[in-house]
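> This one is entry.txt, compact mmCIF, C-alpha atoms.
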```
# COMPACT_ATOMS: atom_id res chain seq x y z
CA MET A 23 -90.44 -38.89 0.92
CA PRO A 24 -88.52 -36.37 3.17
CA ARG A 25 -89.10 -32.68 2.70
CA ALA A 26 -86.42 -30.57 1.05
CA ALA A 27 -84.50 -28.19 3.31
CA PRO A 28 -85.91 -24.67 3.23
CA THR A 29 -84.01 -22.29 0.98
CA THR A 30 -85.11 -19.20 2.85
CA PRO A 31 -82.45 -17.87 5.28
CA PRO A 32 -83.40 -17.81 8.96
CA PRO A 33 -84.85 -14.56 10.22
CA SER A 34 -82.33 -11.96 11.45
CA PRO A 35 -82.12 -11.51 15.21
CA ALA A 36 -84.22 -8.74 16.62
CA PRO A 37 -82.31 -5.44 16.87
CA ARG A 38 -81.09 -4.49 20.35
CA PRO A 39 -82.84 -1.56 21.97
CA ALA A 40 -80.98 1.71 21.61
CA ARG A 41 -78.93 2.91 24.56
CA ARG A 42 -80.66 5.57 26.61
CA ALA A 43 -77.40 7.44 27.07
CA GLY A 44 -74.02 7.32 25.39
CA ALA A 45 -75.38 5.59 22.27
CA GLY A 46 -72.72 4.95 19.69
CA ARG A 47 -69.87 5.23 22.18
CA PRO A 48 -67.63 2.26 23.04
CA ALA A 49 -68.29 0.75 26.42
CA ALA A 50 -66.14 2.24 29.17
CA PRO A 51 -63.50 -0.08 30.61
CA ALA A 52 -64.42 -1.68 33.90
CA LYS A 53 -62.74 0.49 36.54
CA VAL A 54 -59.33 -0.98 35.80
CA GLN A 55 -57.56 2.28 36.50
CA GLU A 56 -59.43 3.09 39.69
CA ALA A 57 -57.85 0.39 41.86
CA PRO A 58 -54.32 -0.99 42.07
CA ALA A 59 -53.52 -4.41 40.75
CA PRO A 60 -53.94 -6.97 43.53
CA GLY A 61 -50.64 -8.29 44.79
CA PRO A 62 -47.92 -8.91 42.24
CA SER A 63 -50.39 -9.45 39.37
CA PRO A 64 -54.11 -8.82 38.68
CA ARG A 65 -56.49 -11.37 40.16
CA GLU A 66 -60.20 -11.96 40.06
CA ALA A 67 -62.00 -12.26 43.39
CA ALA A 68 -63.04 -15.85 42.70
CA GLN A 69 -59.41 -16.84 42.10
CA VAL A 70 -58.04 -15.45 45.37
CA SER A 71 -58.18 -17.88 48.24
CA ILE A 72 -57.85 -17.02 51.90
CA GLU A 73 -54.65 -19.08 51.98
CA GLY A 74 -53.35 -17.18 48.95
CA ILE A 75 -53.88 -13.81 50.63
CA ALA A 76 -52.21 -15.04 53.81
CA ARG A 77 -49.30 -16.43 51.79
CA ASP A 78 -48.83 -13.15 49.90
CA LEU A 79 -48.84 -11.12 53.11
CA ALA A 80 -46.46 -13.54 54.84
CA THR A 81 -44.06 -13.29 51.91
CA ALA A 82 -44.22 -9.49 52.00
CA ILE A 83 -43.43 -9.58 55.73
CA VAL A 84 -40.53 -12.00 55.37
CA GLU A 85 -39.14 -10.00 52.43
CA LYS A 86 -39.24 -6.86 54.60
CA ARG A 87 -41.75 -5.03 52.42
CA LEU A 88 -44.07 -4.78 55.44
CA PRO A 89 -41.99 -3.71 58.47
CA PRO A 90 -42.98 -4.39 62.08
CA GLY A 91 -45.81 -2.13 63.19
CA THR A 92 -47.36 -1.71 59.72
CA TRP A 93 -51.14 -1.33 59.96
CA LEU A 94 -52.85 -3.96 57.78
CA ARG A 95 -56.04 -2.09 56.96
CA GLU A 96 -58.83 -4.47 56.03
CA GLU A 97 -60.47 -2.06 53.61
CA ALA A 98 -57.20 -1.45 51.74
CA LEU A 99 -56.42 -5.17 51.57
CA GLY A 100 -59.92 -5.85 50.28
CA ARG A 101 -59.32 -3.40 47.42
CA ILE A 102 -55.88 -4.80 46.64
CA TYR A 103 -57.12 -8.39 46.37
CA SER A 104 -60.65 -7.55 45.16
CA VAL A 105 -62.25 -9.58 47.94
CA SER A 106 -64.60 -8.98 50.83
CA ARG A 107 -63.36 -7.89 54.23
CA THR A 108 -64.60 -11.23 55.57
CA LYS A 109 -62.02 -13.02 53.42
CA VAL A 110 -59.33 -10.56 54.49
CA ARG A 111 -60.13 -11.13 58.18
CA ALA A 112 -59.85 -14.89 57.73
CA ALA A 113 -56.40 -14.46 56.15
CA LEU A 114 -55.31 -12.19 58.99
CA VAL A 115 -56.42 -14.83 61.52
CA MET A 116 -54.11 -17.32 59.81
CA LEU A 117 -51.18 -14.90 60.08
CA ALA A 118 -51.99 -14.19 63.73
CA LYS A 119 -51.73 -17.91 64.51
CA ASP A 120 -48.19 -17.85 63.12
CA ARG A 121 -47.43 -14.77 65.24
CA LEU A 122 -46.58 -12.72 62.15
CA ILE A 123 -49.25 -10.18 62.99
CA GLU A 124 -51.06 -9.08 66.12
CA THR A 125 -54.67 -7.92 66.33
CA ILE A 126 -55.50 -5.17 68.81
CA PRO A 127 -59.21 -4.81 69.68
CA ASP A 128 -60.81 -1.62 68.33
CA LYS A 129 -57.56 -0.71 66.54
CA GLY A 130 -56.86 -3.33 63.90
CA SER A 131 -54.16 -5.75 62.78
CA PHE A 132 -50.48 -4.86 62.68
CA VAL A 133 -47.30 -6.61 61.62
CA SER A 134 -45.85 -7.94 64.86
CA ARG A 135 -43.16 -6.04 66.73
CA PRO A 136 -41.27 -8.69 68.70
CA SER A 137 -39.87 -7.58 72.05
CA VAL A 138 -36.22 -8.06 72.97
CA GLN A 139 -37.22 -10.97 75.19
CA GLU A 140 -39.19 -12.60 72.39
CA ALA A 141 -36.27 -12.12 70.01
CA ARG A 142 -33.93 -13.94 72.38
CA GLU A 143 -36.54 -16.67 72.94
CA VAL A 144 -37.00 -17.24 69.21
CA PHE A 145 -33.28 -17.81 68.70
CA ALA A 146 -33.07 -20.00 71.79
CA VAL A 147 -35.88 -22.20 70.45
CA ARG A 148 -34.30 -22.27 67.00
CA ARG A 149 -31.04 -23.56 68.48
CA ILE A 150 -32.93 -26.36 70.23
CA LEU A 151 -35.11 -27.38 67.28
CA GLU A 152 -32.49 -26.97 64.59
CA SER A 153 -30.04 -29.09 66.59
CA GLU A 154 -32.57 -31.91 66.28
CA VAL A 155 -33.06 -31.09 62.59
CA VAL A 156 -29.32 -31.51 62.05
CA ARG A 157 -29.23 -34.85 63.85
CA LEU A 158 -32.12 -36.16 61.78
CA PHE A 159 -30.60 -34.85 58.58
CA VAL A 160 -27.21 -36.48 59.16
CA ALA A 161 -28.91 -39.77 60.06
CA ARG A 162 -31.36 -39.87 57.15
CA ALA A 163 -30.16 -37.68 54.27
CA GLY A 164 -29.17 -39.32 51.02
CA LYS A 165 -27.55 -38.12 47.82
CA ALA A 166 -30.68 -36.31 46.62
CA GLU A 167 -31.04 -34.29 49.84
CA TYR A 168 -27.38 -33.21 49.76
CA GLN A 169 -27.66 -32.23 46.11
CA LEU A 170 -30.73 -30.14 46.83
CA LEU A 171 -28.99 -28.17 49.59
CA GLU A 172 -25.81 -27.78 47.55
CA GLN A 173 -27.92 -26.38 44.73
CA HIS A 174 -29.46 -23.92 47.19
CA ILE A 175 -26.00 -22.77 48.34
CA ARG A 176 -24.89 -22.25 44.70
CA PHE A 177 -28.02 -20.18 44.16
CA GLU A 178 -27.20 -18.14 47.26
CA ARG A 179 -23.72 -17.36 45.95
CA THR A 180 -24.92 -16.28 42.51
CA THR A 181 -27.87 -14.26 43.83
CA LEU A 182 -26.69 -12.52 46.99
CA THR A 183 -24.55 -9.88 45.27
CA ALA A 184 -27.36 -8.55 43.12
CA ALA A 185 -30.19 -9.18 45.60
CA THR A 186 -31.66 -6.53 47.88
CA GLY A 187 -31.57 -6.92 51.65
CA ARG A 188 -35.10 -8.27 51.87
CA VAL A 189 -34.45 -10.95 49.22
CA GLN A 190 -31.15 -11.89 50.87
CA GLU A 191 -32.88 -12.42 54.21
CA LYS A 192 -35.52 -14.70 52.70
CA LEU A 193 -32.99 -16.63 50.62
CA LEU A 194 -30.77 -17.38 53.63
CA GLY A 195 -33.77 -18.33 55.76
CA ASP A 196 -35.00 -20.71 53.06
CA PHE A 197 -31.86 -22.81 53.54
CA HIS A 198 -32.90 -23.63 57.11
CA VAL A 199 -36.43 -24.49 55.99
CA ALA A 200 -35.10 -26.70 53.17
CA LEU A 201 -32.81 -28.45 55.65
CA ALA A 202 -35.78 -29.21 57.92
CA GLU A 203 -37.87 -30.44 54.99
CA ALA A 204 -35.05 -32.78 53.99
CA THR A 205 -35.49 -34.68 57.26
CA GLY A 206 -38.94 -35.83 56.16
CA ASN A 207 -40.53 -34.50 59.37
CA GLN A 208 -43.16 -32.08 58.06
CA THR A 209 -44.27 -30.89 61.49
CA LEU A 210 -40.71 -29.96 62.39
CA ALA A 211 -40.27 -28.26 59.01
CA GLN A 212 -43.42 -26.21 59.58
CA LEU A 213 -42.21 -25.07 63.00
CA ILE A 214 -38.83 -24.08 61.56
CA GLY A 215 -40.59 -22.16 58.79
CA GLU A 216 -42.61 -20.17 61.32
CA LEU A 217 -39.54 -19.42 63.44
CA VAL A 218 -37.54 -18.35 60.38
CA ALA A 219 -40.33 -15.96 59.40
CA ARG A 220 -40.37 -14.47 62.90
CA SER A 221 -36.58 -14.21 62.78
CA SER A 222 -36.95 -12.08 59.65
CA LEU A 223 -39.21 -9.69 61.56
CA ILE A 224 -36.69 -9.56 64.39
CA ALA A 225 -33.82 -8.87 61.99
CA MET A 226 -35.84 -6.03 60.47
CA LEU A 227 -36.81 -4.46 63.78
CA TYR A 228 -33.43 -4.77 65.43
CA HIS A 229 -31.36 -3.82 62.40
CA SER A 230 -29.29 -6.92 61.85
CA SER A 231 -25.72 -6.32 60.66
CA ASN A 232 -25.41 -9.93 59.48
CA ASP A 233 -23.23 -10.31 56.40
CA PRO A 234 -25.24 -12.49 53.98
CA HIS A 235 -22.08 -13.77 52.28
CA CYS A 236 -20.76 -14.89 55.65
CA SER A 237 -24.01 -16.76 56.31
CA SER A 238 -23.84 -18.47 52.93
CA GLY A 239 -20.25 -19.52 53.60
CA GLU A 240 -21.33 -20.96 56.95
CA HIS A 241 -24.08 -22.92 55.20
CA ALA A 242 -21.46 -24.47 52.92
CA GLU A 243 -19.15 -25.30 55.83
CA PHE A 244 -22.07 -26.82 57.73
CA LEU A 245 -22.96 -29.09 54.82
CA ARG A 246 -19.30 -30.15 54.46
CA ILE A 247 -19.31 -31.28 58.11
CA CYS A 248 -22.61 -33.12 57.63
CA ARG A 249 -21.09 -35.12 54.76
CA LYS A 250 -18.49 -36.48 57.19
CA GLY A 251 -21.32 -38.02 59.22
CA ASP A 252 -20.28 -36.22 62.42
CA ALA A 253 -23.69 -35.21 63.75
CA GLU A 254 -22.47 -33.48 66.91
CA ALA A 255 -19.89 -31.42 65.04
CA ALA A 256 -22.63 -30.41 62.58
CA VAL A 257 -24.91 -29.46 65.51
CA ALA A 258 -22.13 -27.32 67.02
CA CYS A 259 -21.64 -25.60 63.64
CA MET A 260 -25.37 -24.82 63.35
CA VAL A 261 -25.60 -23.53 66.93
CA ASP A 262 -22.60 -21.24 66.37
CA HIS A 263 -24.19 -20.02 63.13
CA LEU A 264 -27.49 -19.11 64.82
CA SER A 265 -25.70 -17.53 67.79
CA ARG A 266 -23.66 -15.31 65.46
CA ILE A 267 -26.83 -14.17 63.68
CA GLU A 268 -28.42 -13.32 67.03
CA ALA A 269 -25.27 -11.42 68.06
CA SER A 270 -25.59 -9.29 64.89
CA LEU A 271 -28.87 -7.82 66.22
CA GLU A 272 -29.03 -4.53 68.10
CA LEU A 273 -31.05 -5.96 70.96
CA ASP A 274 -29.97 -3.23 73.37
CA THR A 275 -32.15 -0.67 71.64
CA GLU A 276 -35.56 -0.70 69.96
CA ARG A 277 -36.11 1.82 67.21
CA ALA A 278 -39.40 2.97 65.78
CA ASP A 279 -39.93 1.97 62.18
CA ARG A 280 -41.51 4.37 59.77
CA GLN A 281 -45.01 3.69 58.53
CA LEU A 282 -45.40 3.17 54.81
CA ASP A 283 -48.10 2.97 52.22
CA LEU A 284 -49.65 -0.50 52.40
CA VAL A 285 -50.61 -0.66 48.73
CA LYS A 286 -47.16 0.44 47.52
CA ALA A 287 -45.49 -2.08 49.82
CA LEU A 288 -47.52 -5.00 48.48
CA LEU A 289 -46.98 -3.95 44.87
CA ALA A 290 -43.22 -3.47 45.34
```
Translate this file's structure into structure tokens.

Amino acid sequence: MPRAAPTTPPPSPAPRPARRAGAGRPAAPAKVQEAPAPGPSPREAAQVSIEGIARDLATAIVEKRLPPGTWLREEALGRIYSVSRTKVRAALVMLAKDRLIETIPDKGSFVSRPSVQEAREVFAVRRILESEVVRLFVARAGKAEYQLLEQHIRFERTTLTAATGRVQEKLLGDFHVALAEATGNQTLAQLIGELVARSSLIAMLYHSSNDPHCSSGEHAEFLRICRKGDAEAAVACMVDHLSRIEASLELDTERADRQLDLVKALLA
């Protein structure tokens, strides 16, 4: 015959030892107010990948929150993202490979400051590569690809008026990246993405006077020509578009950009 369940309640857990100091007080919050929130929102160290840090910094550069010449202090970045300096260095290496930053021995890492020659070379290479992008797009694009780019142009038109300069620059550059991605050639799309990011740095350093509404209108005209299936006319339209953007740069003079607070820039 099985035993009856005991009616006596289980013993109470042993009392915790009294605090040696501050007994009776609520526990202090964990240093939330002593360090800024990492990036656009709070993150835990375990959740922040090297790629994520690099992506955040690249976005801040392209959006003009981090101008050319800005010193990317490892210690400050470590505090912002709540990670070790080893992780920060690895992210900076990734950005250096894309030529978005340059590392100077015994000095540190800085947002790149493209020379006038490099600026001209970047646009020359863009004209070559994006001509091939256009040919591939006209040959391969279907209804879905055209709809995607038309949607992007509509978004440009509704966003540009209210957007700040840095957002406008990224939005217009994204059209060229989306066009390259629509060809299905991922390597080509990656190269265009890197060149567009460097173009953003160049536009920042050499004070581009490009009218974003004009650029958006040229995107629409370009897509209209593509729909006709005339690849060479579309190539000529794209080359003229890139040449006009280059002509809007003040490449005859190089101005010094002011330094800014790294933490404030990343939290902007």
> Counting all atoms listed in the file, which residue out of A:Ala204, A:Val261, A:Leu114, A:Leu217 sits closest to Tyr168 of chain A?
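Under the stated criterion, the closest residue is A:Ala204.
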> Padding of 5 Å on every side, edges along x, y and z, all listed atoms of segment 256-262 of chain A included: what centre and edge lengths in Å, to one decimal, does that box have, as lines of an AutoDock Vina configuration file?

```
center_x = -23.6
center_y = -25.8
center_z = 64.8
size_x = 14.0
size_y = 19.2
size_z = 14.4
```
> With a distance cut-off of 8 Å and only C-alpha atoms, select the neighbouring residues of segment 131-139 of chain A, excluding the residue or stretch itself and same-chain residues fewer than 6 positions from it, and output the selection as a PyMOL selection string.
chain A and resi 83+88-95+114+121-125+223-224+227+273-274+276
> Which is closest to Arg246 of chain A among A:Ala146, A:Val160, A:Val105, A:Leu264, if we use only C-alpha atoms?
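Ranked by minimum distance to Arg246 of chain A, first place goes to A:Val160.
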> Let me make sure I understand: among A:Ala211, A:Val144, A:Leu193, A:Ile102, which one has the smallest atom-to-atom distance to Val156 of chain A if we use only C-alpha atoms?
A:Ala211
> Applying 12 Å and only C-alpha atoms, which residues near Arg176 of chain A remain after dropping the ones on its own chain fewer than 3 positions away? List them as JSON, numbers by chain.
{"A": [169, 170, 171, 172, 173, 179, 180, 181, 182, 193, 194, 197, 235, 238, 239, 241, 242]}
> Could you please give me, as a ChimeraX atom specification, the residues of protein, DNA or RNA lying at most 12 Å from (-20.9, -26.4, 62.5) in the coordinate frame of the file, considering only C-alpha atoms?
/A:152-153,156-157,237,239-250,252-266
> Could you jot down the atom CA of Glu268 of chain A to atom CA of Met226 of chain A separation for me, Å, one decimal place?
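These atoms are spaced 12.3 Å apart.
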> Within 10 Å of Leu213 of chain A, counting all atoms listed in the file, which residues show up once you throw out same-chain ones fewer than 3 positions away? Write them as a list in words, please.
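Counting all atoms listed in the file, the residues come to Asp120, Arg148, Leu151, Val199, Ala202, Gln208, Thr209, Leu210, Glu216, Leu217, Val218 and Ala219 of chain A.
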> Atom CA of Ser230 of chain A to atom CA of Glu272 of chain A: how many Å, to one decimal?
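We find that atom CA of Ser230 of chain A and atom CA of Glu272 of chain A lie 6.7 Å from each other.
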> Find the distance between atom CA of Val110 of chain A and atom CA of Glu96 of chain A and write it in Å to one decimal.
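Atom CA of Glu96 of chain A lies 6.3 Å from atom CA of Val110 of chain A.
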> Determine the nearest neighbour of Phe177 of chain A from the options A:Phe145, A:Glu73, A:Asp196, A:Arg162, counting all atoms listed in the file.
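Of all the options, A:Asp196 lies closest to Phe177 of chain A.
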